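What follows is the content of query-v6.cif (mmCIF, C-alpha atoms (C1' of nucleotides)).
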data_query
loop_
_atom_site.label_atom_id
_atom_site.label_comp_id
_atom_site.auth_asym_id
_atom_site.auth_seq_id
_atom_site.Cartn_x
_atom_site.Cartn_y
_atom_site.Cartn_z
CA MET N 143 106.27 199.29 117.01
CA ASP N 144 104.43 200.51 114.45
CA LEU N 145 103.29 199.46 116.10
CA PRO N 146 103.29 203.14 115.88
CA VAL N 147 103.84 205.05 118.75
CA LYS N 148 100.64 206.02 120.11
CA THR N 149 100.34 208.05 117.37
CA GLY N 150 97.14 207.78 118.27
CA SER N 151 99.63 209.18 119.75
CA GLU N 152 102.00 209.07 120.88
CA SER N 153 101.64 210.94 120.68
CA LYS N 154 102.87 211.61 119.07
CA LEU N 155 104.36 213.67 116.32
CA GLU N 156 101.79 214.44 113.73
CA ARG N 157 102.06 215.11 110.11
CA THR N 158 102.09 218.66 108.95
CA SER N 159 102.80 219.52 105.42
CA PRO N 160 106.27 220.82 104.75
CA LYS N 161 108.46 218.23 106.22
CA ARG N 162 111.85 219.24 105.06
CA LEU N 163 113.54 220.80 108.00
CA SER N 164 116.87 219.65 109.27
CA ARG N 165 120.35 220.83 108.70
CA GLU N 166 123.51 218.78 108.34
CA ALA N 167 121.65 215.68 109.30
CA GLY N 168 124.61 213.59 108.38
CA LEU N 169 126.66 212.77 111.38
CA ALA N 170 127.05 212.03 115.01
CA SER N 171 124.85 212.83 117.91
CA ALA N 172 124.14 216.20 119.38
CA GLY N 173 126.57 215.35 122.11
CA GLU N 174 130.27 215.76 122.74
CA GLY N 175 131.10 219.25 121.65
CA ALA N 176 127.54 220.25 122.27
CA VAL N 177 127.65 219.20 125.88
CA LYS N 178 130.54 221.52 126.52
CA ARG N 179 129.07 224.37 124.52
CA GLY N 180 125.70 223.82 126.15
CA ARG N 181 124.26 224.24 122.69
CA LEU N 182 121.66 221.90 121.30
CA ASP N 183 121.34 221.20 117.63
CA LEU N 184 117.90 219.69 117.50
CA PHE N 185 118.51 217.93 114.25
CA LYS N 186 121.45 216.02 115.60
CA PHE N 187 119.78 215.23 118.88
CA LEU N 188 119.14 211.52 118.97
CA PRO N 189 115.85 211.54 120.88
CA PHE N 190 114.48 214.13 118.51
CA ARG N 191 115.55 212.17 115.49
CA LEU N 192 114.29 208.86 116.78
CA ASN N 193 110.90 210.28 117.52
CA ARG N 194 110.49 212.00 114.23
CA LEU N 195 111.65 208.96 112.39
CA ALA N 196 109.46 206.60 114.37
CA ALA N 197 106.47 208.84 113.82
CA GLU N 198 107.14 209.10 110.13
CA VAL N 199 107.68 205.41 109.63
CA SER N 200 104.66 204.50 111.71
CA GLN N 201 102.60 206.89 109.71
CA ALA N 202 103.71 205.24 106.51
CA LEU N 203 102.64 201.85 107.77
CA SER N 204 99.52 202.71 109.67
CA SER N 205 97.63 203.52 106.50
CA GLU N 206 97.95 199.86 105.60
CA TYR N 207 96.14 198.54 108.61
CA GLN N 208 94.06 201.53 109.55
CA ALA N 209 92.38 202.57 106.36
CA ARG N 210 92.52 199.14 104.81
CA TYR N 211 91.62 196.88 107.67
CA GLY N 212 90.04 199.18 110.19
CA LEU N 213 92.59 198.34 112.85
CA ASP N 214 93.83 200.96 115.20
CA ILE N 215 97.30 200.88 116.60
CA PRO N 216 96.70 198.90 119.78
CA GLU N 217 94.64 196.38 117.83
CA TRP N 218 97.42 195.92 115.34
CA ARG N 219 99.86 195.47 118.18
CA VAL N 220 97.79 192.68 119.59
CA LEU N 221 97.58 190.88 116.29
CA ALA N 222 101.26 191.39 115.61
CA THR N 223 102.15 189.85 118.91
CA LEU N 224 99.79 186.92 118.55
CA GLY N 225 101.09 186.27 115.08
CA PHE N 226 104.63 186.39 116.28
CA ARG N 227 104.23 183.89 119.05
CA LYS N 228 102.80 180.72 117.69
CA GLU N 229 101.13 179.76 120.94
CA PRO N 230 98.29 181.73 122.48
CA CYS N 231 99.51 184.31 124.95
CA SER N 232 98.07 186.45 127.67
CA ALA N 233 97.04 190.09 127.47
CA GLN N 234 99.79 190.72 129.96
CA TYR N 235 102.35 189.35 127.58
CA VAL N 236 101.09 191.49 124.76
CA SER N 237 101.15 194.51 126.98
CA GLN N 238 104.72 194.02 128.06
CA CYS N 239 105.92 192.93 124.70
CA THR N 240 104.63 195.99 122.92
CA ARG N 241 105.06 198.30 125.89
CA THR N 242 101.48 199.35 125.74
CA HIS N 243 99.42 200.08 128.82
CA LYS N 244 97.37 197.11 129.94
CA SER N 245 94.12 199.02 129.88
CA THR N 246 94.76 199.96 126.28
CA ILE N 247 95.42 196.35 125.42
CA SER N 248 92.31 195.31 127.28
CA ARG N 249 90.21 197.64 125.16
CA ALA N 250 91.89 196.53 121.96
CA VAL N 251 91.25 192.90 122.84
CA THR N 252 87.60 193.65 123.51
CA ALA N 253 87.28 195.21 120.08
CA LEU N 254 89.04 192.30 118.41
CA LEU N 255 86.79 189.84 120.22
CA GLU N 256 83.76 191.67 118.93
CA ARG N 257 85.07 191.53 115.41
CA GLU N 258 85.87 187.86 115.99
CA LEU N 259 89.46 188.32 114.98
CA VAL N 260 90.76 186.82 118.19
CA GLU N 261 89.34 184.48 120.76
CA ARG N 262 90.02 183.66 124.36
CA VAL N 263 91.00 180.37 125.79
CA ALA N 264 90.43 179.94 129.48
CA ASN N 265 93.47 178.82 131.36
CA ALA N 266 92.60 175.96 133.65
CA ASP N 267 95.68 176.47 135.77
CA ASP N 268 95.01 180.09 136.51
CA ARG N 269 91.47 181.24 136.08
CA ARG N 270 92.39 184.93 136.20
CA GLU N 271 94.23 184.67 132.97
CA PHE N 272 92.98 184.14 129.44
CA ARG N 273 95.12 183.07 126.56
CA LEU N 274 94.48 184.91 123.36
CA ARG N 275 94.74 183.52 119.89
CA MET N 276 93.68 184.56 116.46
CA THR N 277 90.60 183.06 114.95
CA ARG N 278 90.72 181.72 111.43
CA LYS N 279 89.33 185.05 110.31
CA GLY N 280 91.96 186.94 112.27
CA LYS N 281 94.73 184.82 110.87
CA ALA N 282 93.46 185.41 107.36
CA LEU N 283 93.56 189.13 107.90
CA TYR N 284 96.98 188.88 109.46
CA ASP N 285 98.35 186.82 106.61
CA GLU N 286 97.08 189.34 104.13
CA LEU N 287 98.42 192.30 106.07
CA ILE N 288 101.90 191.18 106.97
CA PRO N 289 103.35 191.02 103.46
CA ARG N 290 102.12 194.55 102.82
CA LEU N 291 103.82 195.82 105.92
CA LEU N 292 107.03 194.03 105.17
CA ARG N 293 107.00 195.45 101.70
CA ARG N 294 106.62 198.92 103.10
CA GLU N 295 109.47 198.35 105.46
CA GLN N 296 111.60 197.30 102.55
CA GLU N 297 110.62 200.38 100.60
CA ILE N 298 111.73 202.58 103.44
CA LEU N 299 115.00 200.74 103.61
CA THR N 300 115.76 200.88 99.90
CA CYS N 301 117.99 203.84 100.63
CA LEU N 302 120.35 201.55 102.52
CA SER N 303 122.56 198.78 101.17
CA THR N 304 122.26 195.33 102.65
CA GLN N 305 125.39 195.96 104.63
CA GLU N 306 124.07 199.25 105.92
CA ARG N 307 120.84 197.61 106.99
CA ASN N 308 122.72 195.04 108.94
CA GLU N 309 124.83 197.72 110.50
CA LEU N 310 121.78 199.73 111.47
CA GLY N 311 120.22 196.65 113.00
CA ARG N 312 123.38 195.98 114.92
CA LEU N 313 123.62 199.52 116.26
CA LEU N 314 119.99 199.64 117.28
CA GLY N 315 120.51 196.29 118.92
CA LYS N 316 123.37 197.62 120.99
CA ILE N 317 121.31 200.52 122.22
CA GLU N 318 118.37 198.25 122.93
CA SER N 319 120.57 195.94 124.95
CA SER N 320 122.09 198.70 126.91
CA LEU N 321 118.64 200.02 127.68
CA ASP N 322 117.74 196.51 128.66
CA LEU N 323 115.00 196.47 126.09
CA ILE N 324 115.77 193.06 124.81
CA GLN N 325 116.26 189.54 125.87
CA THR N 326 117.62 186.58 124.05
CA SER N 327 115.34 183.80 122.94
CA GLU N 328 117.04 181.38 125.30
CA GLU N 329 116.22 183.55 128.26
CA ALA N 330 112.68 184.03 127.08
CA ASP N 331 112.01 180.37 126.58
CA ALA N 332 113.90 179.22 129.62
CA LYS N 333 112.05 181.48 131.95
CA GLU N 334 108.80 181.10 130.11
CA VAL N 335 108.16 184.70 130.83
CA TYR N 336 104.73 186.16 130.82
CA MET I 121 111.37 214.73 119.30
CA ASP I 122 111.87 214.53 122.59
CA LEU I 123 110.85 215.91 122.08
CA PRO I 124 109.23 212.69 122.97
CA VAL I 125 106.67 211.43 120.99
CA LYS I 126 103.46 212.50 122.21
CA THR I 127 104.06 210.40 124.86
CA GLY I 128 101.56 212.15 126.23
CA SER I 129 101.82 210.37 123.16
CA GLU I 130 102.09 209.17 121.33
CA SER I 131 101.69 207.70 121.37
CA LYS I 132 102.60 206.11 122.62
CA LEU I 133 104.36 203.19 124.12
CA GLU I 134 104.25 203.25 127.84
CA ARG I 135 106.49 201.85 130.44
CA THR I 136 105.58 198.59 131.98
CA SER I 137 107.95 196.82 134.24
CA PRO I 138 109.73 193.88 132.71
CA LYS I 139 111.22 195.29 129.62
CA ARG I 140 113.44 192.55 128.47
CA LEU I 141 111.72 190.96 125.57
CA SER I 142 113.32 190.53 122.19
CA ARG I 143 115.17 187.74 120.56
CA GLU I 144 118.16 187.90 118.27
CA ALA I 145 117.92 191.65 118.17
CA GLY I 146 121.25 191.81 116.49
CA LEU I 147 120.88 192.15 112.79
CA ALA I 148 119.09 193.38 109.78
CA SER I 149 115.51 194.29 109.26
CA ALA I 150 112.52 192.03 109.34
CA GLY I 151 112.56 192.14 105.58
CA GLU I 152 114.07 190.10 102.81
CA GLY I 153 113.57 186.51 103.76
CA ALA I 154 110.62 187.49 105.85
CA VAL I 155 108.81 189.08 102.94
CA LYS I 156 108.92 185.83 101.05
CA ARG I 157 108.02 183.74 104.04
CA GLY I 158 105.26 186.14 104.98
CA ARG I 159 106.50 185.80 108.51
CA LEU I 160 107.08 188.75 110.75
CA ASP I 161 109.66 188.77 113.47
CA LEU I 162 108.53 191.71 115.50
CA PHE I 163 111.87 192.25 117.11
CA LYS I 164 113.59 192.73 113.81
CA PHE I 165 110.85 194.85 112.38
CA LEU I 166 112.20 198.36 112.00
CA PRO I 167 109.04 200.31 112.75
CA PHE I 168 108.55 198.29 115.90
CA ARG I 169 112.09 198.84 117.02
CA LEU I 170 112.12 202.52 116.23
CA ASN I 171 109.00 203.11 118.21
CA ARG I 172 110.12 201.18 121.21
CA LEU I 173 113.46 202.83 121.17
CA ALA I 174 112.03 206.30 120.71
CA ALA I 175 109.60 205.71 123.53
CA GLU I 176 112.29 204.44 125.80
CA VAL I 177 114.72 207.24 125.07
CA SER I 178 112.04 209.88 125.37
CA GLN I 179 111.04 208.43 128.66
CA ALA I 180 114.58 208.64 129.91
CA LEU I 181 114.76 212.31 129.03
CA SER I 182 111.30 213.46 129.89
CA SER I 183 111.92 213.03 133.58
CA GLU I 184 114.46 215.81 133.30
CA TYR I 185 112.08 218.43 132.05
CA GLN I 186 108.82 217.07 133.37
CA ALA I 187 109.47 216.34 136.99
CA ARG I 188 112.22 218.87 137.31
CA TYR I 189 110.92 221.84 135.41
CA GLY I 190 107.23 221.15 135.09
CA LEU I 191 107.35 221.19 131.33
CA ASP I 192 105.23 218.83 129.33
CA ILE I 193 106.35 217.53 126.01
CA PRO I 194 104.82 220.15 123.74
CA GLU I 195 106.15 222.88 125.98
CA TRP I 196 109.63 221.45 125.83
CA ARG I 197 109.37 221.22 122.09
CA VAL I 198 108.57 224.88 121.87
CA LEU I 199 111.52 225.84 124.02
CA ALA I 200 113.83 223.50 122.18
CA THR I 201 112.89 225.06 118.89
CA LEU I 202 113.19 228.61 120.12
CA GLY I 203 116.56 227.83 121.64
CA PHE I 204 117.74 226.26 118.46
CA ARG I 205 116.87 229.16 116.19
CA LYS I 206 118.47 232.27 117.50
CA GLU I 207 115.81 234.57 116.07
CA PRO I 208 112.21 234.56 117.24
CA CYS I 209 110.04 232.29 115.17
CA SER I 210 106.36 231.70 114.61
CA ALA I 211 104.18 229.06 116.18
CA GLN I 212 103.79 227.69 112.69
CA TYR I 213 107.50 227.16 112.41
CA VAL I 214 107.61 225.36 115.72
CA SER I 215 104.73 223.20 114.69
CA GLN I 216 106.29 222.14 111.43
CA CYS I 217 109.73 221.80 112.84
CA THR I 218 108.69 219.45 115.60
CA ARG I 219 105.86 217.83 113.66
CA THR I 220 103.42 218.68 116.36
CA HIS I 221 99.84 219.69 115.67
CA LYS I 222 99.37 223.43 115.63
CA SER I 223 96.61 223.36 118.21
CA THR I 224 98.91 221.51 120.55
CA ILE I 225 101.60 224.10 120.01
CA SER I 226 99.07 226.84 120.52
CA ARG I 227 98.16 225.45 123.90
CA ALA I 228 101.76 224.93 124.88
CA VAL I 229 102.57 228.51 123.94
CA THR I 230 99.67 229.75 126.02
CA ALA I 231 101.01 227.89 129.03
CA LEU I 232 104.53 229.19 128.47
CA LEU I 233 103.23 232.73 128.13
CA GLU I 234 101.47 232.37 131.46
CA ARG I 235 104.63 231.15 133.10
CA GLU I 236 106.45 234.00 131.40
CA LEU I 237 108.96 231.68 129.84
CA VAL I 238 108.30 232.99 126.35
CA GLU I 239 106.90 236.20 124.97
CA ARG I 240 105.29 237.28 121.76
CA VAL I 241 106.47 239.91 119.40
CA ALA I 242 103.89 241.27 117.04
CA ASN I 243 104.93 241.14 113.44
CA ALA I 244 104.25 244.49 111.77
CA ASP I 245 104.38 242.99 108.28
CA ASP I 246 101.79 240.34 108.96
CA ARG I 247 99.53 240.99 111.85
CA ARG I 248 98.19 237.43 111.92
CA GLU I 249 101.52 236.11 112.99
CA PHE I 250 103.40 236.44 116.26
CA ARG I 251 107.05 235.77 116.66
CA LEU I 252 107.92 233.86 119.77
CA ARG I 253 111.05 234.23 121.82
CA MET I 254 112.20 233.13 125.21
CA THR I 255 112.15 235.60 128.03
CA ARG I 256 115.21 235.98 130.21
CA LYS I 257 113.55 233.58 132.62
CA GLY I 258 112.83 231.11 129.85
CA LYS I 259 116.37 231.28 128.58
CA ALA I 260 117.69 230.66 132.06
CA LEU I 261 115.60 227.55 132.38
CA TYR I 262 116.65 226.45 128.93
CA ASP I 263 120.31 226.95 129.66
CA GLU I 264 120.02 224.91 132.78
CA LEU I 265 118.07 222.12 131.12
CA ILE I 266 120.01 221.59 127.93
CA PRO I 267 123.23 220.31 129.49
CA ARG I 268 121.24 217.78 131.47
CA LEU I 269 119.56 216.49 128.36
CA LEU I 270 122.77 216.32 126.42
CA ARG I 271 124.36 214.41 129.24
CA ARG I 272 121.52 211.92 129.19
CA GLU I 273 121.88 211.50 125.49
CA GLN I 274 125.56 210.79 125.98
CA GLU I 275 124.78 208.24 128.66
CA ILE I 276 122.48 206.42 126.32
CA LEU I 277 125.14 206.43 123.67
CA THR I 278 127.96 205.18 125.87
CA CYS I 279 127.33 201.73 124.49
CA LEU I 280 128.55 202.91 121.09
CA SER I 281 132.04 203.92 120.05
CA THR I 282 132.55 207.32 118.47
CA GLN I 283 132.74 205.67 115.11
CA GLU I 284 129.55 203.76 115.72
CA ARG I 285 127.77 206.94 116.75
CA ASN I 286 128.81 208.62 113.58
CA GLU I 287 127.71 205.63 111.58
CA LEU I 288 124.33 205.58 113.31
CA GLY I 289 123.91 209.28 112.60
CA ARG I 290 124.79 208.71 109.00
CA LEU I 291 122.35 205.84 108.57
CA LEU I 292 119.52 207.70 110.26
CA GLY I 293 120.35 210.66 108.05
CA LYS I 294 120.00 208.54 104.93
CA ILE I 295 116.59 207.33 105.99
CA GLU I 296 115.53 210.82 106.95
CA SER I 297 116.58 212.14 103.55
CA SER I 298 114.83 209.45 101.71
CA LEU I 299 111.68 210.15 103.69
CA ASP I 300 112.22 213.79 102.86
CA LEU I 301 112.36 214.63 106.53
CA ILE I 302 115.28 216.89 106.28
CA GLN I 303 116.54 219.91 104.53
CA THR I 304 119.95 221.44 104.35
CA SER I 305 120.67 224.68 106.16
CA GLU I 306 121.27 226.45 102.86
CA GLU I 307 117.81 225.58 101.69
CA ALA I 308 116.30 226.59 104.98
CA ASP I 309 118.03 229.94 105.09
CA ALA I 310 117.72 230.68 101.41
CA LYS I 311 114.02 230.15 101.37
CA GLU I 312 113.52 231.68 104.76
CA VAL I 313 110.96 229.07 105.42
CA TYR I 314 108.37 229.48 108.08
"C1'" DG W 806 94.32 176.82 156.92
"C1'" DC W 807 93.69 181.52 156.72
"C1'" DA W 808 94.58 186.47 156.38
"C1'" DA W 809 97.29 189.54 153.61
"C1'" DA W 810 99.66 190.50 149.51
"C1'" DA W 811 100.08 189.95 144.69
"C1'" DT W 812 98.43 189.20 139.94
"C1'" DG W 813 95.43 189.14 135.45
"C1'" DG W 814 92.21 191.77 133.67
"C1'" DT W 815 88.36 195.45 133.42
"C1'" DT W 816 86.44 199.85 134.27
"C1'" DT W 817 86.02 204.70 135.71
"C1'" DC W 818 87.74 209.22 135.54
"C1'" DA W 819 90.56 213.08 134.35
"C1'" DC W 820 93.40 214.75 131.01
"C1'" DT W 821 95.60 215.27 126.42
"C1'" DT W 822 95.22 215.36 121.78
"C1'" DG W 823 93.58 215.82 116.88
"C1'" DC W 824 90.21 217.48 114.02
"C1'" DA W 825 87.31 220.75 112.32
"C1'" DA W 826 85.17 224.99 112.77
"C1'" DC W 827 86.13 229.56 113.65
"C1'" DT W 828 88.29 234.58 113.75
"C1'" DA W 829 91.24 237.82 111.93
"C1'" DA W 830 94.39 239.22 108.58
"C1'" DT W 831 96.48 238.87 104.06
"C1'" DA W 832 96.88 237.49 99.19
"C1'" DT W 833 94.77 236.66 94.67
"C1'" DG W 834 92.38 237.73 90.57
"C1'" DA W 835 88.48 239.19 87.74
"C1'" DT S 76 88.03 247.25 94.17
"C1'" DC S 77 85.69 243.82 95.87
"C1'" DA S 78 84.63 238.92 96.39
"C1'" DT S 79 87.24 234.57 97.12
"C1'" DA S 80 90.82 231.91 98.78
"C1'" DT S 81 94.56 231.27 101.94
"C1'" DT S 82 97.12 231.57 106.14
"C1'" DA S 83 98.27 232.29 111.44
"C1'" DG S 84 96.43 231.18 115.35
"C1'" DT S 85 92.58 229.76 118.80
"C1'" DT S 86 88.92 227.00 120.55
"C1'" DG S 87 84.97 223.40 121.10
"C1'" DC S 88 84.24 218.82 120.78
"C1'" DA S 89 84.97 213.90 120.44
"C1'" DA S 90 88.02 210.25 120.90
"C1'" DG S 91 91.88 207.87 123.00
"C1'" DT S 92 94.97 207.17 126.84
"C1'" DG S 93 97.16 206.46 131.63
"C1'" DA S 94 96.49 206.21 136.48
"C1'" DA S 95 94.15 204.37 139.93
"C1'" DA S 96 90.43 201.84 141.77
"C1'" DC S 97 88.29 197.70 141.30
"C1'" DC S 98 86.97 192.38 140.93
"C1'" DA S 99 88.29 187.75 140.91
"C1'" DT S 100 91.69 184.54 141.64
"C1'" DT S 101 96.05 182.83 143.22
"C1'" DT S 102 100.23 183.03 146.09
"C1'" DT S 103 102.67 183.93 150.30
"C1'" DG S 104 103.68 183.68 155.07
"C1'" DC S 105 102.44 182.84 159.63
#
Before we go any further, please render this structure as structure tokens.
Amino acid sequence: MDLPVKTGSESKLERTSPKRLSREAGLASAGEGAVKRGRLDLFKFLPFRLNRLAAEVSQALSSEYQARYGLDIPEWRVLATLGFRKEPCSAQYVSQCTRTHKSTISRAVTALLERELVERVANADDRREFRLRMTRKGKALYDELIPRLLRREQEILTCLSTQERNELGRLLGKIESSLDLIQTSEEADAKEVY
Amino acid sequence: MDLPVKTGSESKLERTSPKRLSREAGLASAGEGAVKRGRLDLFKFLPFRLNRLAAEVSQALSSEYQARYGLDIPEWRVLATLGFRKEPCSAQYVSQCTRTHKSTISRAVTALLERELVERVANADDRREFRLRMTRKGKALYDELIPRLLRREQEILTCLSTQERNELGRLLGKIESSLDLIQTSEEADAKEVY
DNA sequence: GCAAAATGGTTTCACTTGCAACTAATATGA
DNA sequence: TCATATTAGTTGCAAGTGAAACCATTTTGC
């Protein structure tokens, strides 16, 4: 997400000035030949590349919601998820959907409640659970923010043709499936997960 | 990297049980139509996907060096960088190369020094800087670890054909270039950066 | 119907990290 | 040549995070 990797974290990879670093970044994975040779070319190593890329892209987007709207990453993840599902959903759902620890989500929700960007709806059926939904104010912020983020995404992707974008989406999708990261909408709705 | 995103970190996206979540993960980016509609489909949104994927892949690999060799992420990043460059290199270089904060690298280096996995070589020309290199012990660990990691990478990529892997590498490379994340080997060597 | 297990959510605690301040060494430039 | 700026690296501090313990409620199984 960037729903950036806990940039906070995440963790993650920070920004240090000179960023130009790789070599022959063009092709393949580190693998195949490398496995035999026992030699690792960092800049072809998929996990390395994914992390750097994710960190970089997240960074590019986070300025939009951090500086501009005072949202931190977990908070943005909550809003993104609520905006995505039209119906109110539980903290649990948000947590699993964004793969963010439930305590982190809990804290983000608390902050958003205080800012009155989201509100809770008690669930009569199960009084442990609260459904979350954006307030009018939260929705307004969300509606203002989303187009900015989408525009940024498009900027980043200008280096790819439409066909290449589709191809990238397809390839990422295959990896996601094989890692069992995804689920079809039918499944989701049928099982009414989370 | 993961050189996982500061899983620690970053940032990061953690692992919660049910991971199956997306819908129509197949194609494209969130963009285009979405920009106009002002509607965000999280599961097509590139930053979101990259972060989840990076987190997931990092996770898969980190068990290798964390549980097995007691290395944390920054420590592994240091070793990975030292192993990649044949000559000793500075902490600064490692920091920039892996996009990890210099204080984090500093601490990782301290830990590796204590475990005698790396050693410092004073630089006569510039006495502020130390060159780092793996000890025999460090190299042994590295040589044992790398094949495991490469094998994991290959496992993750089994869902793609050779051609698809190349294509993915190419597409990531284009994005990296356009984000100025990379640099050709000629440049790197010519300028003797870091 | 009731005890035990499980679940949604919050909170406490220990640990990691980033930032900024700092030290030591080098480079700049008047 | 001497003050100023810059750079490599370390460290103190504050903030954020994950794990585990916790509370309240619901589910399970006997």
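What the PyMOL selection byres ((chain I) within 8 of (chain W)) matches in the given file is Gly128, His221, Thr224, Asp246, Arg247 and Arg248 of chain I.
Here atom CA of N:Ala250 and atom CA of N:Pro216 stand 5.8 Å from one another.
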- Item | Explicit residues for the PyMOL selection byres ((chain N and resi 271) around 10) (as a list in words) | Cys231, Ser232, Ala233, Gln234, Arg262, Val263, Ala264, Asn265, Ala266, Asp267, Asp268, Arg269, Arg270, Phe272, Arg273 and Leu274 of chain N; DT812, DG813 and DG814 of chain W; DT100 of chain S
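What the PyMOL selection byres ((chain S) within 10 of (chain N)) grabs from this file is DA90, DG91, DT92, DG93, DA99, DT100 and DT101 of chain S.
Summary of the local environment: counting only C-alpha atoms (C1' of nucleotides), residues at most 8 Å from N:Glu198, other than itself and those fewer than 3 positions away along its chain, are N:Arg157, N:Arg194, N:Leu195, N:Gln201, N:Ala202, I:Leu299.
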Expected axis-aligned box over every listed atom of stretch 222-226 of chain N, 8 Å added per side, centre plus edges in Å to one decimal, as lines of an AutoDock Vina configuration file:
center_x = 102.2
center_y = 188.8
center_z = 117.0
size_x = 20.8
size_y = 21.1
size_z = 19.8
- Message: Between I:Leu237, I:Leu160, I:Ile225, I:Ala231, which residue has the minimum interatomic distance to chain N, considering only C-alpha atoms?
- Response: I:Leu160
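Between atom CA of N:Leu254 and atom CA of N:Thr277 the separation is 10.0 Å.
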- Note on the structure: atom CA of N:Leu299 to atom CA of I:Leu288 measures 14.3 Å
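Using all atoms listed in the file, the shortest contact distance between chain I and any of N:Cys239, N:Val251, N:Leu221, N:Val260 is found at N:Cys239.
Counting all atoms listed in the file, the residue from I:Ala175, I:Leu170, I:Leu261, I:Leu162 that sits nearest to N:Leu313 is I:Leu170.
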With N, CA and C atoms retained, output stretch 187-199 of chain N as an mmCIF file, in the first residue's frame.
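File written: result_10.cif
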data_model
loop_
_atom_site.group_PDB
_atom_site.id
_atom_site.type_symbol
_atom_site.label_atom_id
_atom_site.label_comp_id
_atom_site.auth_asym_id
_atom_site.auth_seq_id
_atom_site.Cartn_x
_atom_site.Cartn_y
_atom_site.Cartn_z
ATOM 1 N N PHE N 187 18.036 -8.695 -7.880
ATOM 2 C CA PHE N 187 17.369 -9.544 -6.889
ATOM 3 C C PHE N 187 15.978 -8.999 -6.606
ATOM 4 N N LEU N 188 14.975 -9.781 -6.952
ATOM 5 C CA LEU N 188 13.603 -9.288 -6.896
ATOM 6 C C LEU N 188 13.192 -8.680 -5.556
ATOM 7 N N PRO N 189 13.483 -9.326 -4.445
ATOM 8 C CA PRO N 189 13.051 -8.746 -3.169
ATOM 9 C C PRO N 189 13.667 -7.378 -2.935
ATOM 10 N N PHE N 190 14.925 -7.262 -3.282
ATOM 11 C CA PHE N 190 15.613 -5.981 -3.185
ATOM 12 C C PHE N 190 14.905 -4.930 -4.016
ATOM 13 N N ARG N 191 14.651 -5.283 -5.249
ATOM 14 C CA ARG N 191 14.060 -4.322 -6.162
ATOM 15 C C ARG N 191 12.652 -3.934 -5.727
ATOM 16 N N LEU N 192 11.889 -4.918 -5.318
ATOM 17 C CA LEU N 192 10.520 -4.618 -4.897
ATOM 18 C C LEU N 192 10.523 -3.672 -3.709
ATOM 19 N N ASN N 193 11.408 -3.911 -2.779
ATOM 20 C CA ASN N 193 11.418 -3.063 -1.605
ATOM 21 C C ASN N 193 11.853 -1.650 -1.915
ATOM 22 N N ARG N 194 12.883 -1.535 -2.718
ATOM 23 C CA ARG N 194 13.326 -0.193 -3.063
ATOM 24 C C ARG N 194 12.248 0.559 -3.808
ATOM 25 N N LEU N 195 11.638 -0.158 -4.739
ATOM 26 C CA LEU N 195 10.618 0.464 -5.549
ATOM 27 C C LEU N 195 9.417 0.863 -4.696
ATOM 28 N N ALA N 196 8.988 -0.054 -3.861
ATOM 29 C CA ALA N 196 7.842 0.234 -2.995
ATOM 30 C C ALA N 196 8.145 1.424 -2.110
ATOM 31 N N ALA N 197 9.349 1.458 -1.562
ATOM 32 C CA ALA N 197 9.717 2.560 -0.681
ATOM 33 C C ALA N 197 9.710 3.876 -1.443
ATOM 34 N N GLU N 198 10.232 3.835 -2.636
ATOM 35 C CA GLU N 198 10.343 5.043 -3.435
ATOM 36 C C GLU N 198 8.970 5.567 -3.833
ATOM 37 N N VAL N 199 8.137 4.652 -4.282
ATOM 38 C CA VAL N 199 6.808 5.029 -4.719
ATOM 39 C C VAL N 199 5.987 5.530 -3.531
#
